[in-house]
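Undergrad: Please find coords06.cif (mmCIF, C-alpha atoms) on the next line:
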```
data_data
#
loop_
_atom_site.label_atom_id
_atom_site.label_comp_id
_atom_site.auth_asym_id
_atom_site.auth_seq_id
_atom_site.Cartn_x
_atom_site.Cartn_y
_atom_site.Cartn_z
CA MET A 110 -68.32 57.37 -43.14
CA ASN A 111 -64.83 57.19 -41.62
CA THR A 112 -62.57 54.34 -42.77
CA PRO A 113 -61.87 51.92 -39.90
CA ILE A 114 -58.27 51.92 -38.73
CA PHE A 115 -57.99 48.15 -39.24
CA PRO A 116 -60.10 47.63 -42.39
CA ALA A 117 -58.41 44.37 -43.38
CA ALA A 118 -57.79 42.96 -39.91
CA SER A 119 -59.65 41.05 -37.29
CA THR A 120 -59.30 42.80 -33.92
CA GLU A 121 -59.95 40.50 -31.00
CA PHE A 122 -59.04 39.52 -27.47
CA VAL A 123 -57.24 36.21 -27.07
CA THR A 124 -56.10 34.45 -23.91
CA ILE A 125 -52.31 34.21 -23.81
CA ASP A 126 -50.29 33.28 -20.74
CA GLY A 127 -53.54 33.48 -18.74
CA LEU A 128 -54.20 37.11 -19.78
CA GLU A 129 -56.74 38.69 -22.11
CA ILE A 130 -54.57 40.24 -24.82
CA ARG A 131 -55.84 42.43 -27.64
CA ILE A 132 -54.48 41.73 -31.09
CA ALA A 133 -55.25 42.74 -34.67
CA ARG A 134 -54.43 40.34 -37.49
CA SER A 135 -54.25 40.77 -41.24
CA GLY A 136 -54.28 38.12 -43.91
CA GLY A 137 -51.50 37.46 -46.38
CA SER A 138 -48.74 34.99 -47.02
CA GLY A 139 -45.08 34.86 -46.18
CA LEU A 140 -43.15 35.31 -42.98
CA PRO A 141 -45.33 36.86 -40.25
CA ILE A 142 -44.64 40.34 -38.90
CA LEU A 143 -45.22 41.15 -35.22
CA ILE A 144 -45.66 44.78 -34.18
CA THR A 145 -46.20 45.83 -30.57
CA ALA A 146 -47.91 49.00 -29.42
CA PRO A 147 -46.00 51.94 -27.95
CA TRP A 148 -46.84 53.59 -24.63
CA PRO A 149 -49.05 55.53 -23.93
CA GLN A 150 -50.77 54.62 -27.17
CA SER A 151 -52.11 51.24 -28.38
CA ILE A 152 -52.25 49.21 -31.58
CA TYR A 153 -54.25 52.15 -32.96
CA ALA A 154 -50.93 54.01 -33.14
CA PHE A 155 -50.36 52.20 -36.43
CA HIS A 156 -53.33 53.78 -38.21
CA ALA A 157 -51.10 55.51 -40.78
CA ILE A 158 -48.76 52.60 -41.57
CA TRP A 159 -51.17 49.66 -41.39
CA PRO A 160 -52.24 49.62 -45.08
CA THR A 161 -48.63 49.46 -46.29
CA LEU A 162 -47.39 47.21 -43.51
CA THR A 163 -49.94 44.53 -44.39
CA THR A 164 -48.61 44.33 -47.95
CA LEU A 165 -45.34 42.91 -46.59
CA GLY A 166 -46.85 39.76 -45.08
CA PRO A 167 -49.38 38.63 -42.46
CA VAL A 168 -49.25 41.10 -39.57
CA VAL A 169 -50.06 40.61 -35.90
CA ALA A 170 -50.38 43.85 -33.91
CA VAL A 171 -50.36 43.38 -30.15
CA ASP A 172 -51.11 45.44 -27.07
CA LEU A 173 -48.57 43.97 -24.66
CA PRO A 174 -49.80 43.14 -21.12
CA GLY A 175 -50.61 46.32 -19.19
CA PHE A 176 -50.56 48.48 -22.33
CA GLY A 177 -53.33 49.44 -24.71
CA ARG A 178 -56.40 47.42 -23.84
CA SER A 179 -54.64 44.24 -22.73
CA GLU A 180 -54.91 42.80 -19.25
CA ARG A 181 -52.07 43.48 -16.85
CA ARG A 182 -49.96 41.28 -14.60
CA ALA A 183 -47.61 43.08 -12.22
CA GLU A 184 -44.65 40.74 -12.64
CA LEU A 185 -44.61 41.31 -16.42
CA MET A 186 -44.25 45.08 -16.13
CA ALA A 187 -40.51 45.22 -16.82
CA PRO A 188 -38.44 44.69 -20.00
CA GLU A 189 -36.90 41.30 -19.16
CA PRO A 190 -40.10 39.45 -18.14
CA MET A 191 -41.96 41.14 -20.99
CA GLY A 192 -39.37 39.64 -23.33
CA GLY A 193 -40.31 36.25 -21.93
CA PHE A 194 -43.95 37.02 -22.67
CA VAL A 195 -43.06 37.78 -26.31
CA THR A 196 -41.69 34.26 -26.75
CA ARG A 197 -44.79 32.73 -25.16
CA LEU A 198 -46.92 34.91 -27.45
CA ALA A 199 -45.25 33.30 -30.46
CA ASP A 200 -45.94 29.83 -29.04
CA ALA A 201 -49.59 30.67 -28.42
CA LEU A 202 -50.03 31.95 -31.97
CA GLY A 203 -48.19 28.99 -33.46
CA ILE A 204 -45.48 31.16 -35.02
CA GLU A 205 -41.98 29.71 -35.29
CA ARG A 206 -40.24 32.70 -36.86
CA TRP A 207 -41.13 36.32 -37.61
CA HIS A 208 -39.94 39.82 -38.33
CA ALA A 209 -40.64 41.84 -35.18
CA ILE A 210 -41.20 45.58 -34.79
CA GLY A 211 -41.06 46.96 -31.27
CA PRO A 212 -41.15 50.74 -30.90
CA ASP A 213 -40.94 52.48 -27.51
CA VAL A 214 -41.52 50.02 -24.63
CA GLY A 215 -41.40 47.15 -27.10
CA ALA A 216 -37.76 47.80 -27.97
CA SER A 217 -36.21 46.47 -24.77
CA ALA A 218 -38.70 43.59 -24.56
CA MET A 219 -37.88 42.51 -28.12
CA LEU A 220 -34.14 42.61 -27.48
CA PHE A 221 -34.49 40.50 -24.33
CA ALA A 222 -36.63 38.04 -26.33
CA ALA A 223 -34.07 37.90 -29.16
CA ALA A 224 -31.33 37.16 -26.62
CA ALA A 225 -33.40 34.36 -25.07
CA ARG A 226 -34.67 32.78 -28.29
CA PRO A 227 -32.74 33.94 -31.36
CA SER A 228 -34.35 31.32 -33.62
CA LEU A 229 -37.67 33.19 -33.35
CA PHE A 230 -36.42 36.35 -35.06
CA GLU A 231 -35.68 36.79 -38.76
CA SER A 232 -35.04 40.47 -38.04
CA LEU A 233 -35.88 43.22 -35.58
CA VAL A 234 -36.95 46.85 -35.86
CA VAL A 235 -36.74 48.84 -32.63
CA GLY A 236 -36.33 52.46 -31.54
CA SER A 237 -37.82 55.27 -29.46
CA GLY A 238 -37.21 53.17 -26.35
CA GLY A 239 -34.79 53.73 -23.50
CA ALA A 240 -31.49 51.94 -23.96
CA ASP A 241 -29.17 53.45 -21.34
CA MET A 242 -30.01 55.24 -18.11
CA GLU A 243 -27.61 58.09 -18.85
CA LEU A 244 -29.24 58.82 -22.22
CA VAL A 245 -33.00 58.96 -21.53
CA GLY A 246 -34.76 62.31 -21.68
CA LYS A 247 -35.63 64.44 -18.68
CA GLY A 248 -39.35 63.65 -18.91
CA LEU A 249 -38.83 59.89 -18.92
CA ARG A 250 -36.31 60.14 -16.11
CA GLY A 251 -38.90 62.02 -14.09
CA VAL A 252 -41.33 59.13 -14.47
CA MET A 253 -38.70 56.57 -13.47
CA GLU A 254 -37.53 58.49 -10.41
CA ALA A 255 -40.90 59.64 -9.09
CA ARG A 256 -41.81 58.23 -5.71
CA GLU A 257 -45.09 56.39 -5.29
CA GLY A 258 -48.00 58.82 -5.21
CA GLU A 259 -46.02 61.65 -6.82
CA TYR A 260 -46.62 60.74 -10.45
CA GLY A 261 -49.72 60.80 -12.60
CA GLU A 262 -53.25 62.12 -12.29
CA PRO A 263 -56.25 60.20 -10.92
CA GLU A 264 -57.80 60.07 -14.40
CA GLY A 265 -55.03 58.93 -16.71
CA GLY A 266 -57.03 58.99 -19.93
CA ALA A 267 -57.29 62.77 -20.04
CA GLN A 268 -53.61 63.13 -19.16
CA VAL A 269 -52.61 60.84 -22.03
CA VAL A 270 -54.78 62.66 -24.58
CA SER A 271 -53.14 65.93 -23.52
CA THR A 272 -49.64 64.44 -23.69
CA ILE A 273 -50.09 62.90 -27.14
CA THR A 274 -51.70 66.06 -28.50
CA ARG A 275 -48.77 68.12 -27.23
CA LEU A 276 -45.99 65.79 -28.46
CA THR A 277 -47.27 64.73 -31.90
CA ARG A 278 -46.82 67.07 -34.86
CA GLN A 279 -50.20 66.04 -36.24
CA THR A 280 -52.95 64.93 -33.88
CA PRO A 281 -53.99 61.30 -34.52
CA PRO A 282 -57.55 60.67 -35.75
CA ALA A 283 -60.40 60.78 -33.28
CA GLU A 284 -60.91 57.00 -33.28
CA ALA A 285 -57.29 56.46 -32.31
CA MET A 286 -57.30 59.18 -29.66
CA GLU A 287 -60.38 57.69 -28.04
CA ASP A 288 -58.69 54.30 -27.92
CA PHE A 289 -55.59 55.88 -26.34
CA ARG A 290 -57.83 57.52 -23.74
CA LEU A 291 -59.59 54.27 -22.90
CA SER A 292 -56.25 52.45 -22.75
CA SER A 293 -55.04 54.75 -19.98
CA GLN A 294 -58.23 55.60 -18.12
CA GLY A 295 -58.24 55.54 -14.34
CA ARG A 296 -55.01 54.17 -12.90
CA ARG A 297 -53.89 52.26 -16.01
CA TRP A 298 -51.59 55.15 -16.99
CA ILE A 299 -49.92 55.13 -13.59
CA GLU A 300 -49.68 51.33 -13.47
CA ALA A 301 -48.16 51.14 -16.95
CA ALA A 302 -45.37 53.43 -15.76
CA ASP A 303 -44.09 50.53 -13.64
CA TYR A 304 -42.50 49.22 -16.85
CA VAL A 305 -40.16 52.19 -17.29
CA ARG A 306 -39.54 52.33 -13.55
CA ALA A 307 -37.85 48.95 -14.02
CA TYR A 308 -35.33 50.44 -16.47
CA PRO A 309 -32.66 51.12 -13.81
CA ARG A 310 -32.61 47.37 -13.07
CA ASP A 311 -33.16 45.87 -16.53
CA LEU A 312 -31.30 48.18 -18.92
CA PRO A 313 -27.87 47.36 -17.43
CA ARG A 314 -28.73 43.65 -17.80
CA LEU A 315 -29.70 44.23 -21.41
CA LYS A 316 -26.42 46.03 -22.15
CA VAL A 317 -24.53 42.89 -21.18
CA LEU A 318 -26.61 40.80 -23.61
CA LEU A 319 -26.49 43.11 -26.64
CA PRO A 320 -23.11 41.96 -28.09
CA ALA A 321 -24.37 38.37 -28.28
CA ILE A 322 -27.58 39.18 -30.20
CA ARG A 323 -26.88 38.12 -33.79
CA THR A 324 -30.31 39.05 -35.15
CA PRO A 325 -30.15 41.89 -37.71
CA VAL A 326 -31.58 45.01 -36.04
CA LEU A 327 -32.85 48.24 -37.58
CA VAL A 328 -32.97 51.06 -35.02
CA ILE A 329 -35.18 54.04 -35.92
CA SER A 330 -34.95 57.25 -33.89
CA GLY A 331 -36.71 60.61 -34.03
CA GLN A 332 -34.28 63.49 -34.45
CA ASP A 333 -36.19 65.72 -32.03
CA ASP A 334 -37.33 63.08 -29.55
CA PRO A 335 -37.35 64.72 -26.08
CA ILE A 336 -38.34 61.50 -24.30
CA VAL A 337 -35.81 59.08 -25.81
CA PRO A 338 -33.16 61.13 -27.65
CA PRO A 339 -31.49 59.49 -30.68
CA ALA A 340 -28.37 58.90 -28.58
CA ASN A 341 -30.24 55.83 -27.30
CA GLY A 342 -30.45 54.47 -30.84
CA ALA A 343 -26.77 55.16 -31.39
CA PHE A 344 -26.03 53.29 -28.16
CA LEU A 345 -27.83 50.19 -29.46
CA ALA A 346 -26.06 50.41 -32.82
CA ARG A 347 -22.68 50.50 -31.07
CA HIS A 348 -23.35 47.46 -28.91
CA LEU A 349 -25.32 45.24 -31.30
CA PRO A 350 -23.07 43.38 -33.77
CA ARG A 351 -25.55 43.53 -36.68
CA ALA A 352 -27.38 46.85 -36.46
CA VAL A 353 -28.23 49.87 -38.60
CA HIS A 354 -29.35 53.16 -37.05
CA ILE A 355 -31.37 55.74 -38.96
CA ILE A 356 -32.69 59.06 -37.70
CA LEU A 357 -35.89 60.54 -39.12
CA ASP A 358 -37.20 64.09 -38.94
CA ALA A 359 -39.65 63.40 -36.13
CA GLY A 360 -40.25 63.67 -32.43
CA HIS A 361 -40.91 60.76 -30.10
CA PHE A 362 -43.88 59.37 -32.04
CA VAL A 363 -41.95 58.63 -35.23
CA TRP A 364 -44.69 56.36 -36.63
CA GLU A 365 -47.07 59.35 -36.37
CA ASP A 366 -44.78 62.28 -37.23
CA ASP A 367 -43.14 60.69 -40.28
CA ALA A 368 -45.32 57.70 -41.10
CA ALA A 369 -44.14 57.64 -44.72
CA GLY A 370 -40.44 57.67 -43.78
CA TYR A 371 -40.98 55.12 -41.01
CA MET A 372 -42.82 52.76 -43.32
CA GLN A 373 -40.34 53.26 -46.15
CA ALA A 374 -37.49 52.22 -43.86
CA ILE A 375 -39.39 49.16 -42.60
CA SER A 376 -40.42 48.10 -46.11
CA ALA A 377 -36.87 48.24 -47.43
CA TRP A 378 -35.66 46.35 -44.37
CA VAL A 379 -38.23 43.53 -44.46
CA LYS A 380 -37.94 43.14 -48.23
CA GLY A 381 -34.29 42.20 -47.87
CA GLY A 382 -32.31 45.06 -46.44
CA TYR A 383 -31.76 43.13 -43.22
CA ARG A 384 -29.75 40.54 -45.13
CA GLN A 385 -27.12 43.15 -45.97
CA VAL A 386 -26.24 43.87 -42.34
#
```
Give the structure from this file in structure tokens form.

TA:
Amino acid sequence: MNTPIFPAASTEFVTIDGLEIRIARSGGSGLPILITAPWPQSIYAFHAIWPTLTTLGPVVAVDLPGFGRSERRAELMAPEPMGGFVTRLADALGIERWHAIGPDVGASAMLFAAAARPSLFESLVVGSGGADMELVGKGLRGVMEAREGEYGEPEGGAQVVSTITRLTRQTPPAEAMEDFRLSSQGRRWIEAADYVRAYPRDLPRLKVLLPAIRTPVLVISGQDDPIVPPANGAFLARHLPRAVHIILDAGHFVWEDDAAGYMQAISAWVKGGYRQV
């Protein structure tokens, strides 16, 4: 029998901000840890790091609106309004302060949230997400610049499975891949792309806010990331006053390609490394 990806967690749908949002929660004591799913994956992207992550404190893994299996609202599909959703998520869950981990699309949302409500964040871990329009990879730029009707296939699930298989160094387990497929089936893959299409508007706004974000931030990049090259991580480290940037031997899906290195960096950070920044 295969071991479930979330053996110690309760996976459920909860209504937050009027939307059905999928979360997975672990038990434990201490300061909560929020982790948001990357695109085009889901909370199942954390299959390799979940057992270790949950030893650090109570964890809440979330499919943000429009990603994974969570319900979508068009006006949230951009970094700045998604940052607002993150703060309302904390209110709905009754959490006053947490460590937050936001890879990929979660990176910009987390930074907007930290700028809006700094008291919510003990620390941040971001990375693998676009930070500056001049630094994103060719593939991501193609998504952002595609005109309506020129991007994506009618059945997004199959396209996503193919993309993840091609870009990960080790194919995720079948249970995770099936969840990724279901998360992007039909037009969900195309609709989720609206988030990165908002980068030309929201990333310049975020750049203005970065110097005022006093939250300690760990930025993790993949050395061989063709979608979001590590120059994006270096950009954040230059503009954030309390940031550390590390580069791991990985592609875009760092949490898959080097799960041990990714988790080692997060563990050291959450256990107190963030206080040294």

Undergrad: Translate the PyMOL selection byres ((chain A and resi 202-207) around 12) into a concrete residue list for this structure, as a VMD selection string.

TA: chain A and resid 123 to 126 130 132 134 139 to 144 165 to 169 171 195 to 201 208 to 210 219 223 226 to 234 324 379

Undergrad: Running the PyMOL selection byres ((chain A and resi 349) around 12) on this model by hand, what would come out? Give it as a short mmCIF file (atom, residue, chain, number, x, y, z; two decimals) with C-alpha atoms, in the frame of the given file.

TA:
```cif
data_model
loop_
_atom_site.label_atom_id
_atom_site.label_comp_id
_atom_site.auth_asym_id
_atom_site.auth_seq_id
_atom_site.Cartn_x
_atom_site.Cartn_y
_atom_site.Cartn_z
CA LEU A 220 -34.14 42.61 -27.48
CA ALA A 223 -34.07 37.90 -29.16
CA ALA A 224 -31.33 37.16 -26.62
CA LEU A 233 -35.88 43.22 -35.58
CA ALA A 240 -31.49 51.94 -23.96
CA LEU A 315 -29.70 44.23 -21.41
CA LYS A 316 -26.42 46.03 -22.15
CA VAL A 317 -24.53 42.89 -21.18
CA LEU A 318 -26.61 40.80 -23.61
CA LEU A 319 -26.49 43.11 -26.64
CA PRO A 320 -23.11 41.96 -28.09
CA ALA A 321 -24.37 38.37 -28.28
CA ILE A 322 -27.58 39.18 -30.20
CA ARG A 323 -26.88 38.12 -33.79
CA THR A 324 -30.31 39.05 -35.15
CA PRO A 325 -30.15 41.89 -37.71
CA VAL A 326 -31.58 45.01 -36.04
CA LEU A 327 -32.85 48.24 -37.58
CA VAL A 328 -32.97 51.06 -35.02
CA GLY A 342 -30.45 54.47 -30.84
CA ALA A 343 -26.77 55.16 -31.39
CA PHE A 344 -26.03 53.29 -28.16
CA LEU A 345 -27.83 50.19 -29.46
CA ALA A 346 -26.06 50.41 -32.82
CA ARG A 347 -22.68 50.50 -31.07
CA HIS A 348 -23.35 47.46 -28.91
CA PRO A 350 -23.07 43.38 -33.77
CA ARG A 351 -25.55 43.53 -36.68
CA ALA A 352 -27.38 46.85 -36.46
CA VAL A 353 -28.23 49.87 -38.60
CA HIS A 354 -29.35 53.16 -37.05
CA VAL A 386 -26.24 43.87 -42.34
#
```

Undergrad: Selected by the PyMOL selection byres ((chain A and resi 172) around 7) in the shown coordinates: which residues, as a CSV table (one decimal) with C-alpha atoms, in the coordinates of the input?

TA:
```
chain,number,residue,atom,x,y,z
A,130,ILE,CA,-54.6,40.2,-24.8
A,131,ARG,CA,-55.8,42.4,-27.6
A,132,ILE,CA,-54.5,41.7,-31.1
A,145,THR,CA,-46.2,45.8,-30.6
A,146,ALA,CA,-47.9,49.0,-29.4
A,151,SER,CA,-52.1,51.2,-28.4
A,152,ILE,CA,-52.2,49.2,-31.6
A,171,VAL,CA,-50.4,43.4,-30.2
A,173,LEU,CA,-48.6,44.0,-24.7
A,174,PRO,CA,-49.8,43.1,-21.1
A,176,PHE,CA,-50.6,48.5,-22.3
A,177,GLY,CA,-53.3,49.4,-24.7
A,178,ARG,CA,-56.4,47.4,-23.8
A,179,SER,CA,-54.6,44.2,-22.7
```

Undergrad: What's the separation between CA of Gly265 in chain A and CA of Arg296 in chain A, in Å to one decimal place?

TA: 6.1 Å

Undergrad: From the options A:Thr120, A:Ser376, A:Gln268, A:Asn341, which residue's atoms come nearest to Gly239 in chain A, counting all atoms listed in the file?

TA: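 Selected residue with least distance to Gly239 in chain A: A:Asn341.
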
Undergrad: Find the residues near Glu300 in chain A: any atom within 10 Å, counting only C-alpha atoms, skip ones fewer than 3 places away on the same chain, and give them as an NGL selection string.

TA: :A and (175-176 or 181 or 183 or 186 or 261 or 265 or 293 or 295-297 or 303-304)
